[in-house]
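Q: Mind looking over this structure? Questions follow.
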Amino acid sequence: MHMEKGDLFFGDENVSHSFPVNTIAAQQIAAFTGIPSVYYHRMREQNPALLDHNINAWFQDMDALRMVRTLDSRARAFLSDKYLPIDNFEIASRVLPIIDKVVHLNGDNVSCEVTERSMHIKVINYKMEGEVVTGDVVQSGIIVSNSEVGQGMVEVKPFVYRLVCKNGAVIDAAAKKRRHVGKTIDLTSDDYEIYRTETINAANQAFLMQIEDTVSSVVNPATFDKILDSMREAKDRTFTSRNIPAVVELAAKKYGVPEGETGNILTHLVNEGDTSLYGLANAFTRYSQDVDAYDYATALEEIGGKMFTMPKSVFDELNNATTTKEQRKRERKELKATQSGLLAVA
């Protein structure tokens with residue numbers, strides 16, 4: 001294996017096959033060879049020969065075997081040889097019949113997307129619903145996610161759908177993340193099992209059977225009742241801060257949302273008129289409807305779901321937020337102007 005003009009080549013002088021490298025595989029190659037991602041992409045765009053030289057030199061020095069996953073004659077993942085793939089089709093073919101027995105799938109209650117990074121299947125159960133407060137109805141659901149290219153785990157999580165504004169929230173109720181799948185699943189626990197594909201053993205069928213059991217546990221009415229309780233508790237936790245923009249900015253920072261997007265989230269919070277923790281969570285999930293990338297929209301729904309059970313220490317920190325970055329910048333500017341005026345007088 002070697003790189004030529006930024007593409008991966010396999011074979012010898014007699015027979016070889018080339019595979020253009022997509023963005024995900026390029027990032028993984030950069031990480032494997034220890035080349036900073038920004039520099040990798042700069043070489044790729046401005047000096048492909050230098051990129052070839054660097055990558056090939058490191059390939060020769062490294063004795064590790066790698067798995068290269070391809071699709072449509074393109075390299076889409078560059079992974080460890082220990083990575084055991086579970087494909088989207090295998091997951092979907094196992095979980096959809098189980099979900100259909102409980103929910104009865106139709107075109108109205110299913111959202112599905114396959115991106116370069118992941119597959120997401122979201123299903124709403126119209127038959128299982130409850131109220132957070134009077135008139136605020138949410139329905140039960142489930143989300144099943146998988147990545148064939150090392151960008152995530154196989155995940156089965158509860159999903160709730162808020163009727164009043166068509167928001168969805170992913171509930172990350174797993175208490176821990178297991179690195180193997182040999183243990184028996186406790187369907188009464190809060191651990192809905194998150195499986196890392198690189199740690200799945202060779203018995204894929206046994207693994208997929210465990211996924212089936214996990215789906216059954218997530219669509220359990222008792223699970224939905226616990227989620228409803230957490231949402232009601234979040235509704236009762238009201239921010240008393242006089243600076244709600246600062247609360248939103250700090251929340252976005254803590255949950256990894258880019259600073260430039262906080263204005264949109266704040267707008268949804270103000271429009272909703274709910275300054276409780278529940279309102280903040282819904283502002284993030286409402287913003288998910290404004291973004292185009294399905295993976296990112298799902299990540300925002302996960303952030304909203306995590307906020308329902310926000311630790312008290314984090315809630316208090318947000319509640320004590322006093323200024324936004326823009327406010328601090330304005331204060332520094334005013335201070336500088338004041339100091340300049342004093343110097344001019346002196």
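Convention: chains lettered A, B, ... in structure tokens order; per-chain residue numbering from 1; ligands numbered from 1 as shown.
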Per DSSP on the backbone, filter range 25-159 of chain A down to the residues in strand (DSSP E or B) and report them as JSON, numbers by chain.

A: {"A": [66, 67, 68, 69, 70, 71, 74, 75, 76, 77, 78, 79, 80, 110, 111, 112, 113, 114, 119, 120, 121, 122, 123, 124, 125, 126, 127, 128, 129, 130, 131, 137, 138, 139, 140, 141, 142, 143, 144, 145, 146, 154, 155, 156, 157, 158, 159]}

Q: Name the residues in contact with range 65-73 of chain A at a cut-off of 12 Å, using only C-alpha atoms, excluding same-chain residues fewer than 6 positions from it; report them as a PDB file with all heavy atoms, in the first residue's frame.

A:
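The resulting part-v3.pdb:
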```
ATOM      1  N   MET A   1       0.847  -1.192   0.000  1.00  0.00           N
ATOM      2  CA  MET A   1       0.000   0.000   0.000  1.00  0.00           C
ATOM      3  C   MET A   1       0.883   1.241   0.000  1.00  0.00           C
ATOM      4  O   MET A   1       1.846   1.338   0.768  1.00  0.00           O
ATOM      5  CB  MET A   1      -0.907   0.001   1.243  1.00  0.00           C
ATOM      6  CG  MET A   1      -1.801   1.227   1.371  1.00  0.00           C
ATOM      7  SD  MET A   1      -2.891   1.158   2.827  1.00  0.00           S
ATOM      8  CE  MET A   1      -1.687   1.184   4.160  1.00  0.00           C
ATOM      9  N   ASP A   7      -4.032   9.630  -3.481  1.00  0.00           N
ATOM     10  CA  ASP A   7      -4.872   8.425  -3.513  1.00  0.00           C
ATOM     11  C   ASP A   7      -4.113   7.245  -2.927  1.00  0.00           C
ATOM     12  O   ASP A   7      -2.874   7.196  -2.972  1.00  0.00           O
ATOM     13  CB  ASP A   7      -5.287   8.091  -4.949  1.00  0.00           C
ATOM     14  CG  ASP A   7      -6.163   9.161  -5.568  1.00  0.00           C
ATOM     15  OD1 ASP A   7      -6.659  10.020  -4.815  1.00  0.00           O
ATOM     16  OD2 ASP A   7      -6.350   9.134  -6.793  1.00  0.00           O
ATOM     17  N   LEU A   8      -4.853   6.266  -2.395  1.00  0.00           N
ATOM     18  CA  LEU A   8      -4.232   5.038  -1.911  1.00  0.00           C
ATOM     19  C   LEU A   8      -4.128   4.037  -3.048  1.00  0.00           C
ATOM     20  O   LEU A   8      -5.080   3.836  -3.806  1.00  0.00           O
ATOM     21  CB  LEU A   8      -5.052   4.431  -0.768  1.00  0.00           C
ATOM     22  CG  LEU A   8      -4.971   5.135   0.584  1.00  0.00           C
ATOM     23  CD1 LEU A   8      -5.856   4.412   1.604  1.00  0.00           C
ATOM     24  CD2 LEU A   8      -3.535   5.196   1.105  1.00  0.00           C
ATOM     25  N   PHE A   9      -2.954   3.401  -3.163  1.00  0.00           N
ATOM     26  CA  PHE A   9      -2.712   2.378  -4.184  1.00  0.00           C
ATOM     27  C   PHE A   9      -2.398   1.057  -3.499  1.00  0.00           C
ATOM     28  O   PHE A   9      -1.662   1.002  -2.514  1.00  0.00           O
ATOM     29  CB  PHE A   9      -1.537   2.778  -5.084  1.00  0.00           C
ATOM     30  CG  PHE A   9      -1.916   3.694  -6.217  1.00  0.00           C
ATOM     31  CD1 PHE A   9      -2.209   5.024  -5.978  1.00  0.00           C
ATOM     32  CD2 PHE A   9      -2.000   3.223  -7.526  1.00  0.00           C
ATOM     33  CE1 PHE A   9      -2.569   5.873  -7.012  1.00  0.00           C
ATOM     34  CE2 PHE A   9      -2.363   4.056  -8.566  1.00  0.00           C
ATOM     35  CZ  PHE A   9      -2.641   5.390  -8.305  1.00  0.00           C
ATOM     36  N   PHE A  10      -2.978  -0.012  -4.051  1.00  0.00           N
ATOM     37  CA  PHE A  10      -2.720  -1.363  -3.563  1.00  0.00           C
ATOM     38  C   PHE A  10      -2.269  -2.219  -4.741  1.00  0.00           C
ATOM     39  O   PHE A  10      -2.783  -2.073  -5.854  1.00  0.00           O
ATOM     40  CB  PHE A  10      -3.980  -1.975  -2.950  1.00  0.00           C
ATOM     41  CG  PHE A  10      -4.498  -1.230  -1.762  1.00  0.00           C
ATOM     42  CD1 PHE A  10      -5.362  -0.147  -1.931  1.00  0.00           C
ATOM     43  CD2 PHE A  10      -4.119  -1.584  -0.487  1.00  0.00           C
ATOM     44  CE1 PHE A  10      -5.842   0.549  -0.843  1.00  0.00           C
ATOM     45  CE2 PHE A  10      -4.600  -0.887   0.616  1.00  0.00           C
ATOM     46  CZ  PHE A  10      -5.467   0.181   0.441  1.00  0.00           C
ATOM     47  N   HIS A  17      -4.565  -1.133  -7.812  1.00  0.00           N
ATOM     48  CA  HIS A  17      -5.866  -0.481  -7.761  1.00  0.00           C
ATOM     49  C   HIS A  17      -5.711   0.805  -6.959  1.00  0.00           C
ATOM     50  O   HIS A  17      -5.084   0.813  -5.895  1.00  0.00           O
ATOM     51  CB  HIS A  17      -6.912  -1.388  -7.099  1.00  0.00           C
ATOM     52  CG  HIS A  17      -7.137  -2.670  -7.825  1.00  0.00           C
ATOM     53  ND1 HIS A  17      -7.964  -2.781  -8.917  1.00  0.00           N
ATOM     54  CD2 HIS A  17      -6.628  -3.918  -7.602  1.00  0.00           C
ATOM     55  CE1 HIS A  17      -7.961  -4.035  -9.343  1.00  0.00           C
ATOM     56  NE2 HIS A  17      -7.157  -4.746  -8.557  1.00  0.00           N
ATOM     57  N   SER A  18      -6.277   1.878  -7.456  1.00  0.00           N
ATOM     58  CA  SER A  18      -6.188   3.152  -6.759  1.00  0.00           C
ATOM     59  C   SER A  18      -7.558   3.509  -6.189  1.00  0.00           C
ATOM     60  O   SER A  18      -8.599   3.205  -6.773  1.00  0.00           O
ATOM     61  CB  SER A  18      -5.717   4.264  -7.703  1.00  0.00           C
ATOM     62  OG  SER A  18      -6.682   4.502  -8.712  1.00  0.00           O
ATOM     63  N   PHE A  19      -7.528   4.177  -5.019  1.00  0.00           N
ATOM     64  CA  PHE A  19      -8.760   4.581  -4.343  1.00  0.00           C
ATOM     65  C   PHE A  19      -8.621   6.019  -3.870  1.00  0.00           C
ATOM     66  O   PHE A  19      -7.814   6.302  -2.977  1.00  0.00           O
ATOM     67  CB  PHE A  19      -9.042   3.675  -3.135  1.00  0.00           C
ATOM     68  CG  PHE A  19      -9.302   2.238  -3.496  1.00  0.00           C
ATOM     69  CD1 PHE A  19      -8.251   1.333  -3.604  1.00  0.00           C
ATOM     70  CD2 PHE A  19     -10.594   1.792  -3.735  1.00  0.00           C
ATOM     71  CE1 PHE A  19      -8.481   0.009  -3.946  1.00  0.00           C
ATOM     72  CE2 PHE A  19     -10.842   0.469  -4.068  1.00  0.00           C
ATOM     73  CZ  PHE A  19      -9.779  -0.425  -4.183  1.00  0.00           C
ATOM     74  N   PRO A  20      -9.358   6.943  -4.464  1.00  0.00           N
ATOM     75  CA  PRO A  20      -9.392   8.299  -3.921  1.00  0.00           C
ATOM     76  C   PRO A  20      -9.818   8.255  -2.456  1.00  0.00           C
ATOM     77  O   PRO A  20     -10.647   7.432  -2.057  1.00  0.00           O
ATOM     78  CB  PRO A  20     -10.428   9.008  -4.793  1.00  0.00           C
ATOM     79  CG  PRO A  20     -10.451   8.226  -6.066  1.00  0.00           C
ATOM     80  CD  PRO A  20     -10.212   6.800  -5.659  1.00  0.00           C
ATOM     81  N   VAL A  21      -9.271   9.150  -1.656  1.00  0.00           N
ATOM     82  CA  VAL A  21      -9.478   9.140  -0.204  1.00  0.00           C
ATOM     83  C   VAL A  21     -10.484  10.222   0.178  1.00  0.00           C
ATOM     84  O   VAL A  21     -10.298  11.394  -0.157  1.00  0.00           O
ATOM     85  CB  VAL A  21      -8.139   9.379   0.524  1.00  0.00           C
ATOM     86  CG1 VAL A  21      -8.350   9.437   2.029  1.00  0.00           C
ATOM     87  CG2 VAL A  21      -7.132   8.293   0.160  1.00  0.00           C
ATOM     88  N   ASN A  22     -11.551   9.832   0.871  1.00  0.00           N
ATOM     89  CA  ASN A  22     -12.511  10.844   1.300  1.00  0.00           C
ATOM     90  C   ASN A  22     -12.016  11.537   2.569  1.00  0.00           C
ATOM     91  O   ASN A  22     -10.954  11.208   3.120  1.00  0.00           O
ATOM     92  CB  ASN A  22     -13.918  10.253   1.467  1.00  0.00           C
ATOM     93  CG  ASN A  22     -14.068   9.408   2.720  1.00  0.00           C
ATOM     94  OD1 ASN A  22     -13.156   9.270   3.535  1.00  0.00           O
ATOM     95  ND2 ASN A  22     -15.237   8.839   2.909  1.00  0.00           N
ATOM     96  N   ILE A  24     -13.040  11.564   5.733  1.00  0.00           N
ATOM     97  CA  ILE A  24     -12.917  10.755   6.948  1.00  0.00           C
ATOM     98  C   ILE A  24     -11.656   9.902   6.906  1.00  0.00           C
ATOM     99  O   ILE A  24     -10.878   9.869   7.860  1.00  0.00           O
ATOM    100  CB  ILE A  24     -14.167   9.873   7.139  1.00  0.00           C
ATOM    101  CG1 ILE A  24     -15.377  10.752   7.440  1.00  0.00           C
ATOM    102  CG2 ILE A  24     -13.958   8.849   8.253  1.00  0.00           C
ATOM    103  CD1 ILE A  24     -16.688  10.001   7.449  1.00  0.00           C
ATOM    104  N   ALA A  25     -11.432   9.205   5.795  1.00  0.00           N
ATOM    105  CA  ALA A  25     -10.233   8.374   5.665  1.00  0.00           C
ATOM    106  C   ALA A  25      -8.972   9.222   5.740  1.00  0.00           C
ATOM    107  O   ALA A  25      -7.963   8.812   6.328  1.00  0.00           O
ATOM    108  CB  ALA A  25     -10.282   7.592   4.355  1.00  0.00           C
ATOM    109  N   ALA A  26      -9.012  10.418   5.152  1.00  0.00           N
ATOM    110  CA  ALA A  26      -7.848  11.314   5.204  1.00  0.00           C
ATOM    111  C   ALA A  26      -7.528  11.696   6.640  1.00  0.00           C
ATOM    112  O   ALA A  26      -6.354  11.704   7.048  1.00  0.00           O
ATOM    113  CB  ALA A  26      -8.113  12.561   4.365  1.00  0.00           C
ATOM    114  N   GLN A  28      -8.202   9.958   9.277  1.00  0.00           N
ATOM    115  CA  GLN A  28      -7.693   8.763   9.956  1.00  0.00           C
ATOM    116  C   GLN A  28      -6.259   8.447   9.547  1.00  0.00           C
ATOM    117  O   GLN A  28      -5.448   8.016  10.374  1.00  0.00           O
ATOM    118  CB  GLN A  28      -8.630   7.585   9.664  1.00  0.00           C
ATOM    119  CG  GLN A  28     -10.005   7.756  10.316  1.00  0.00           C
ATOM    120  CD  GLN A  28     -11.039   6.771   9.805  1.00  0.00           C
ATOM    121  OE1 GLN A  28     -10.936   6.264   8.680  1.00  0.00           O
ATOM    122  NE2 GLN A  28     -12.075   6.514  10.601  1.00  0.00           N
ATOM    123  N   ILE A  29      -5.920   8.663   8.287  1.00  0.00           N
ATOM    124  CA  ILE A  29      -4.537   8.487   7.834  1.00  0.00           C
ATOM    125  C   ILE A  29      -3.628   9.488   8.530  1.00  0.00           C
ATOM    126  O   ILE A  29      -2.527   9.157   8.982  1.00  0.00           O
ATOM    127  CB  ILE A  29      -4.442   8.625   6.303  1.00  0.00           C
ATOM    128  CG1 ILE A  29      -5.162   7.467   5.615  1.00  0.00           C
ATOM    129  CG2 ILE A  29      -2.977   8.668   5.843  1.00  0.00           C
ATOM    130  CD1 ILE A  29      -5.312   7.635   4.112  1.00  0.00           C
ATOM    131  N   PHE A  32      -3.116   8.368  12.073  1.00  0.00           N
ATOM    132  CA  PHE A  32      -2.262   7.172  12.132  1.00  0.00           C
ATOM    133  C   PHE A  32      -0.792   7.527  11.949  1.00  0.00           C
ATOM    134  O   PHE A  32       0.086   6.980  12.623  1.00  0.00           O
ATOM    135  CB  PHE A  32      -2.703   6.183  11.051  1.00  0.00           C
ATOM    136  CG  PHE A  32      -1.836   4.968  10.926  1.00  0.00           C
ATOM    137  CD1 PHE A  32      -1.799   4.005  11.925  1.00  0.00           C
ATOM    138  CD2 PHE A  32      -1.041   4.773   9.802  1.00  0.00           C
ATOM    139  CE1 PHE A  32      -0.991   2.886  11.809  1.00  0.00           C
ATOM    140  CE2 PHE A  32      -0.233   3.662   9.676  1.00  0.00           C
ATOM    141  CZ  PHE A  32      -0.207   2.707  10.682  1.00  0.00           C
ATOM    142  N   THR A  33      -0.501   8.445  11.053  1.00  0.00           N
ATOM    143  CA  THR A  33       0.896   8.817  10.760  1.00  0.00           C
ATOM    144  C   THR A  33       1.404   9.948  11.644  1.00  0.00           C
ATOM    145  O   THR A  33       2.588  10.300  11.576  1.00  0.00           O
ATOM    146  CB  THR A  33       1.034   9.245   9.289  1.00  0.00           C
ATOM    147  OG1 THR A  33       0.102  10.299   9.007  1.00  0.00           O
ATOM    148  CG2 THR A  33       0.758   8.072   8.358  1.00  0.00           C
ATOM    149  N   PHE A  59       4.434   5.133   6.236  1.00  0.00           N
ATOM    150  CA  PHE A  59       3.925   3.787   5.965  1.00  0.00           C
ATOM    151  C   PHE A  59       5.051   2.757   6.023  1.00  0.00           C
ATOM    152  O   PHE A  59       4.882   1.648   6.547  1.00  0.00           O
ATOM    153  CB  PHE A  59       3.256   3.733   4.591  1.00  0.00           C
ATOM    154  CG  PHE A  59       1.828   4.224   4.575  1.00  0.00           C
ATOM    155  CD1 PHE A  59       1.110   4.279   3.385  1.00  0.00           C
ATOM    156  CD2 PHE A  59       1.179   4.612   5.741  1.00  0.00           C
ATOM    157  CE1 PHE A  59      -0.209   4.722   3.360  1.00  0.00           C
ATOM    158  CE2 PHE A  59      -0.133   5.058   5.730  1.00  0.00           C
ATOM    159  CZ  PHE A  59      -0.821   5.119   4.530  1.00  0.00           C
ATOM    160  N   LEU A  79      -8.644   2.087   9.116  1.00  0.00           N
ATOM    161  CA  LEU A  79      -8.896   1.617  10.467  1.00  0.00           C
ATOM    162  C   LEU A  79      -7.890   0.561  10.914  1.00  0.00           C
ATOM    163  O   LEU A  79      -7.158  -0.006  10.107  1.00  0.00           O
ATOM    164  CB  LEU A  79     -10.308   1.019  10.542  1.00  0.00           C
ATOM    165  CG  LEU A  79     -11.435   1.936  10.075  1.00  0.00           C
ATOM    166  CD1 LEU A  79     -12.679   1.122   9.737  1.00  0.00           C
ATOM    167  CD2 LEU A  79     -11.743   2.977  11.134  1.00  0.00           C
ATOM    168  N   SER A  80      -7.906   0.297  12.194  1.00  0.00           N
ATOM    169  CA  SER A  80      -7.086  -0.772  12.748  1.00  0.00           C
ATOM    170  C   SER A  80      -7.519  -2.118  12.191  1.00  0.00           C
ATOM    171  O   SER A  80      -8.693  -2.325  11.870  1.00  0.00           O
ATOM    172  CB  SER A  80      -7.223  -0.780  14.273  1.00  0.00           C
ATOM    173  OG  SER A  80      -6.746  -1.984  14.829  1.00  0.00           O
ATOM    174  N   ASP A  81      -6.581  -3.057  12.101  1.00  0.00           N
ATOM    175  CA  ASP A  81      -6.934  -4.391  11.626  1.00  0.00           C
ATOM    176  C   ASP A  81      -7.784  -5.137  12.644  1.00  0.00           C
ATOM    177  O   ASP A  81      -8.366  -6.176  12.349  1.00  0.00           O
ATOM    178  CB  ASP A  81      -5.670  -5.199  11.298  1.00  0.00           C
ATOM    179  CG  ASP A  81      -4.803  -5.453  12.518  1.00  0.00           C
ATOM    180  OD1 ASP A  81      -4.730  -4.560  13.391  1.00  0.00           O
ATOM    181  OD2 ASP A  81      -4.189  -6.529  12.600  1.00  0.00           O
ATOM    182  N   LYS A  82      -7.896  -4.593  13.863  1.00  0.00           N
ATOM    183  CA  LYS A  82      -8.739  -5.201  14.890  1.00  0.00           C
ATOM    184  C   LYS A  82     -10.198  -4.738  14.787  1.00  0.00           C
ATOM    185  O   LYS A  82     -11.068  -5.255  15.484  1.00  0.00           O
ATOM    186  CB  LYS A  82      -8.202  -4.858  16.283  1.00  0.00           C
ATOM    187  CG  LYS A  82      -6.813  -5.435  16.552  1.00  0.00           C
ATOM    188  CD  LYS A  82      -6.327  -5.050  17.933  1.00  0.00           C
ATOM    189  CE  LYS A  82      -4.932  -5.605  18.191  1.00  0.00           C
ATOM    190  NZ  LYS A  82      -4.424  -5.212  19.531  1.00  0.00           N
ATOM    191  N   TYR A  83     -10.429  -3.770  13.945  1.00  0.00           N
ATOM    192  CA  TYR A  83     -11.779  -3.244  13.776  1.00  0.00           C
ATOM    193  C   TYR A  83     -12.658  -4.297  13.094  1.00  0.00           C
ATOM    194  O   TYR A  83     -12.332  -4.785  12.018  1.00  0.00           O
ATOM    195  CB  TYR A  83     -11.723  -1.980  12.918  1.00  0.00           C
ATOM    196  CG  TYR A  83     -13.044  -1.284  12.719  1.00  0.00           C
ATOM    197  CD1 TYR A  83     -13.460  -0.278  13.581  1.00  0.00           C
ATOM    198  CD2 TYR A  83     -13.880  -1.626  11.663  1.00  0.00           C
ATOM    199  CE1 TYR A  83     -14.662   0.377  13.394  1.00  0.00           C
ATOM    200  CE2 TYR A  83     -15.084  -0.979  11.473  1.00  0.00           C
ATOM    201  CZ  TYR A  83     -15.469   0.014  12.342  1.00  0.00           C
ATOM    202  OH  TYR A  83     -16.667   0.641  12.152  1.00  0.00           O
ATOM    203  N   LEU A  84     -13.755  -4.649  13.757  1.00  0.00           N
ATOM    204  CA  LEU A  84     -14.691  -5.625  13.198  1.00  0.00           C
ATOM    205  C   LEU A  84     -15.970  -4.904  12.799  1.00  0.00           C
ATOM    206  O   LEU A  84     -16.739  -4.476  13.663  1.00  0.00           O
ATOM    207  CB  LEU A  84     -14.989  -6.725  14.215  1.00  0.00           C
ATOM    208  CG  LEU A  84     -13.806  -7.611  14.586  1.00  0.00           C
ATOM    209  CD1 LEU A  84     -14.221  -8.601  15.650  1.00  0.00           C
ATOM    210  CD2 LEU A  84     -13.261  -8.327  13.371  1.00  0.00           C
ATOM    211  N   PRO A  85     -16.193  -4.717  11.519  1.00  0.00           N
ATOM    212  CA  PRO A  85     -17.335  -3.900  11.078  1.00  0.00           C
ATOM    213  C   PRO A  85     -18.673  -4.604  11.260  1.00  0.00           C
ATOM    214  O   PRO A  85     -18.811  -5.793  11.020  1.00  0.00           O
ATOM    215  CB  PRO A  85     -17.048  -3.665   9.592  1.00  0.00           C
ATOM    216  CG  PRO A  85     -16.226  -4.852   9.180  1.00  0.00           C
ATOM    217  CD  PRO A  85     -15.384  -5.194  10.380  1.00  0.00           C
ATOM    218  N   ASP A  87     -22.214  -3.775   9.637  1.00  0.00           N
ATOM    219  CA  ASP A  87     -22.734  -2.897   8.598  1.00  0.00           C
ATOM    220  C   ASP A  87     -24.144  -2.416   8.905  1.00  0.00           C
ATOM    221  O   ASP A  87     -24.907  -3.058   9.633  1.00  0.00           O
ATOM    222  CB  ASP A  87     -22.712  -3.613   7.244  1.00  0.00           C
ATOM    223  CG  ASP A  87     -21.299  -3.786   6.702  1.00  0.00           C
ATOM    224  OD1 ASP A  87     -20.411  -3.026   7.136  1.00  0.00           O
ATOM    225  OD2 ASP A  87     -21.089  -4.671   5.854  1.00  0.00           O
ATOM    226  N   GLU A 116     -21.924  10.083   5.327  1.00  0.00           N
ATOM    227  CA  GLU A 116     -20.588   9.493   5.202  1.00  0.00           C
ATOM    228  C   GLU A 116     -20.100   8.963   6.543  1.00  0.00           C
ATOM    229  O   GLU A 116     -19.289   8.053   6.592  1.00  0.00           O
ATOM    230  CB  GLU A 116     -19.591  10.522   4.660  1.00  0.00           C
ATOM    231  CG  GLU A 116     -19.639  10.731   3.161  1.00  0.00           C
ATOM    232  CD  GLU A 116     -18.397  11.413   2.638  1.00  0.00           C
ATOM    233  OE1 GLU A 116     -17.680  12.063   3.437  1.00  0.00           O
ATOM    234  OE2 GLU A 116     -18.130  11.300   1.425  1.00  0.00           O
ATOM    235  N   SER A 147     -21.969   3.458  12.861  1.00  0.00           N
ATOM    236  CA  SER A 147     -20.976   3.986  11.931  1.00  0.00           C
ATOM    237  C   SER A 147     -20.180   2.827  11.357  1.00  0.00           C
ATOM    238  O   SER A 147     -19.648   2.005  12.096  1.00  0.00           O
ATOM    239  CB  SER A 147     -20.027   4.966  12.627  1.00  0.00           C
ATOM    240  OG  SER A 147     -19.013   5.387  11.730  1.00  0.00           O
ATOM    241  N   GLU A 148     -20.113   2.777  10.050  1.00  0.00           N
ATOM    242  CA  GLU A 148     -19.323   1.746   9.373  1.00  0.00           C
ATOM    243  C   GLU A 148     -17.871   2.165   9.194  1.00  0.00           C
ATOM    244  O   GLU A 148     -17.063   1.385   8.696  1.00  0.00           O
ATOM    245  CB  GLU A 148     -19.927   1.452   7.992  1.00  0.00           C
ATOM    246  CG  GLU A 148     -21.328   0.905   8.036  1.00  0.00           C
ATOM    247  CD  GLU A 148     -21.875   0.586   6.649  1.00  0.00           C
ATOM    248  OE1 GLU A 148     -21.411   1.191   5.661  1.00  0.00           O
ATOM    249  OE2 GLU A 148     -22.765  -0.290   6.551  1.00  0.00           O
ATOM    250  N   VAL A 149     -17.540   3.410   9.585  1.00  0.00           N
ATOM    251  CA  VAL A 149     -16.214   3.952   9.273  1.00  0.00           C
ATOM    252  C   VAL A 149     -15.469   4.423  10.519  1.00  0.00           C
ATOM    253  O   VAL A 149     -14.596   5.295  10.450  1.00  0.00           O
ATOM    254  CB  VAL A 149     -16.330   5.104   8.255  1.00  0.00           C
ATOM    255  CG1 VAL A 149     -16.798   4.574   6.908  1.00  0.00           C
ATOM    256  CG2 VAL A 149     -17.258   6.204   8.749  1.00  0.00           C
ATOM    257  N   GLY A 150     -15.811   3.854  11.671  1.00  0.00           N
ATOM    258  CA  GLY A 150     -15.053   4.155  12.881  1.00  0.00           C
ATOM    259  C   GLY A 150     -15.359   5.501  13.496  1.00  0.00           C
ATOM    260  O   GLY A 150     -14.574   6.014  14.299  1.00  0.00           O
ATOM    261  N   GLU A 198     -15.195  -1.693  17.417  1.00  0.00           N
ATOM    262  CA  GLU A 198     -13.862  -2.285  17.426  1.00  0.00           C
ATOM    263  C   GLU A 198     -13.691  -3.336  18.507  1.00  0.00           C
ATOM    264  O   GLU A 198     -12.679  -4.026  18.541  1.00  0.00           O
ATOM    265  CB  GLU A 198     -12.782  -1.186  17.576  1.00  0.00           C
ATOM    266  CG  GLU A 198     -12.787  -0.448  18.894  1.00  0.00           C
ATOM    267  CD  GLU A 198     -13.598   0.825  18.828  1.00  0.00           C
ATOM    268  OE1 GLU A 198     -14.554   0.881  18.050  1.00  0.00           O
ATOM    269  OE2 GLU A 198     -13.268   1.751  19.573  1.00  0.00           O
TER     270      GLU A 198
END
```

Q: Which value, in Å to one decimal, gives the distance between CA of Asp236 in chain A and CA of Gly305 in chain A?

A: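 Separation between CA of Asp236 in chain A and CA of Gly305 in chain A: 15.9 Å.
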
Q: Can you list every residue in range 75-319 of chain A that DSSP puts in helix (DSSP H, G or I), as a ChimeraX atom specification?

A: /A:88-103,197-199,204-218,221-235,244-254,259-272,277-290,294-307,312-319

Q: From the options A:Pro48, A:Pro97, A:Gly135, A:Gly11, which residue's atoms come nearest to Val164 in chain A, counting only C-alpha atoms?

A: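 Of A:Pro48, A:Pro97, A:Gly135, A:Gly11, the one nearest Val164 in chain A, counting only C-alpha atoms, is A:Gly135.
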
Q: To one decimal place in Å, what is the distance between CA of Leu277 in chain A and CA of Asn319 in chain A?

A: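 Going from CA of Leu277 in chain A over to CA of Asn319 in chain A, I get 10.0 Å.
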
Q: So how far away is CA of Arg286 in chain A from CA of Leu300 in chain A, in Å?

A: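 Here the two named atoms are 8.8 Å from each other.
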
Q: Could you tell me which of A:Thr323, A:Asn264, A:Asn167, A:Ser276 comes closest to Arg242 in chain A if we count only C-alpha atoms?

A: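 Of the candidates, the smallest distance to Arg242 in chain A is held by A:Thr323.
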
Q: Excluding same-chain residues fewer than 2 positions from range 227-234 of chain A, what lies within 12 Å of it counting only C-alpha atoms, as a PyMOL selection string?

A: chain A and resi 128-134+136-141+157-162+169-173+190+218-225+236-239+274-282+304-312+315

Q: Pick from A:Ile211, A:Leu96, A:Ala30, A:Val270: nearest to Val154 in chain A, with only C-alpha atoms counted?

A: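 The answer is A:Ile211, which sits nearest to Val154 in chain A.
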
Q: Give me the residues near Lys5 in chain A as a ChimeraX atom specification, where near means some atom within 12 Å (using only C-alpha atoms) and where sequence neighbours in that chain fewer than 6 positions away do not count.

A: /A:18-21,43-56

Q: Using only C-alpha atoms, which residue out of A:Glu272, A:Asn14, A:Thr23, A:Glu212 lies closest to Arg94 in chain A?

A: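 Of A:Glu272, A:Asn14, A:Thr23, A:Glu212, the one nearest Arg94 in chain A, counting only C-alpha atoms, is A:Glu212.
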
Q: Show which residues sit within 8 Å of Cys112 in chain A, as a list in words. Count only C-alpha atoms, and ignore same-chain residues fewer than 5 positions away.

A: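 That gives Met119, His120, Ile121 and Lys122 of chain A.
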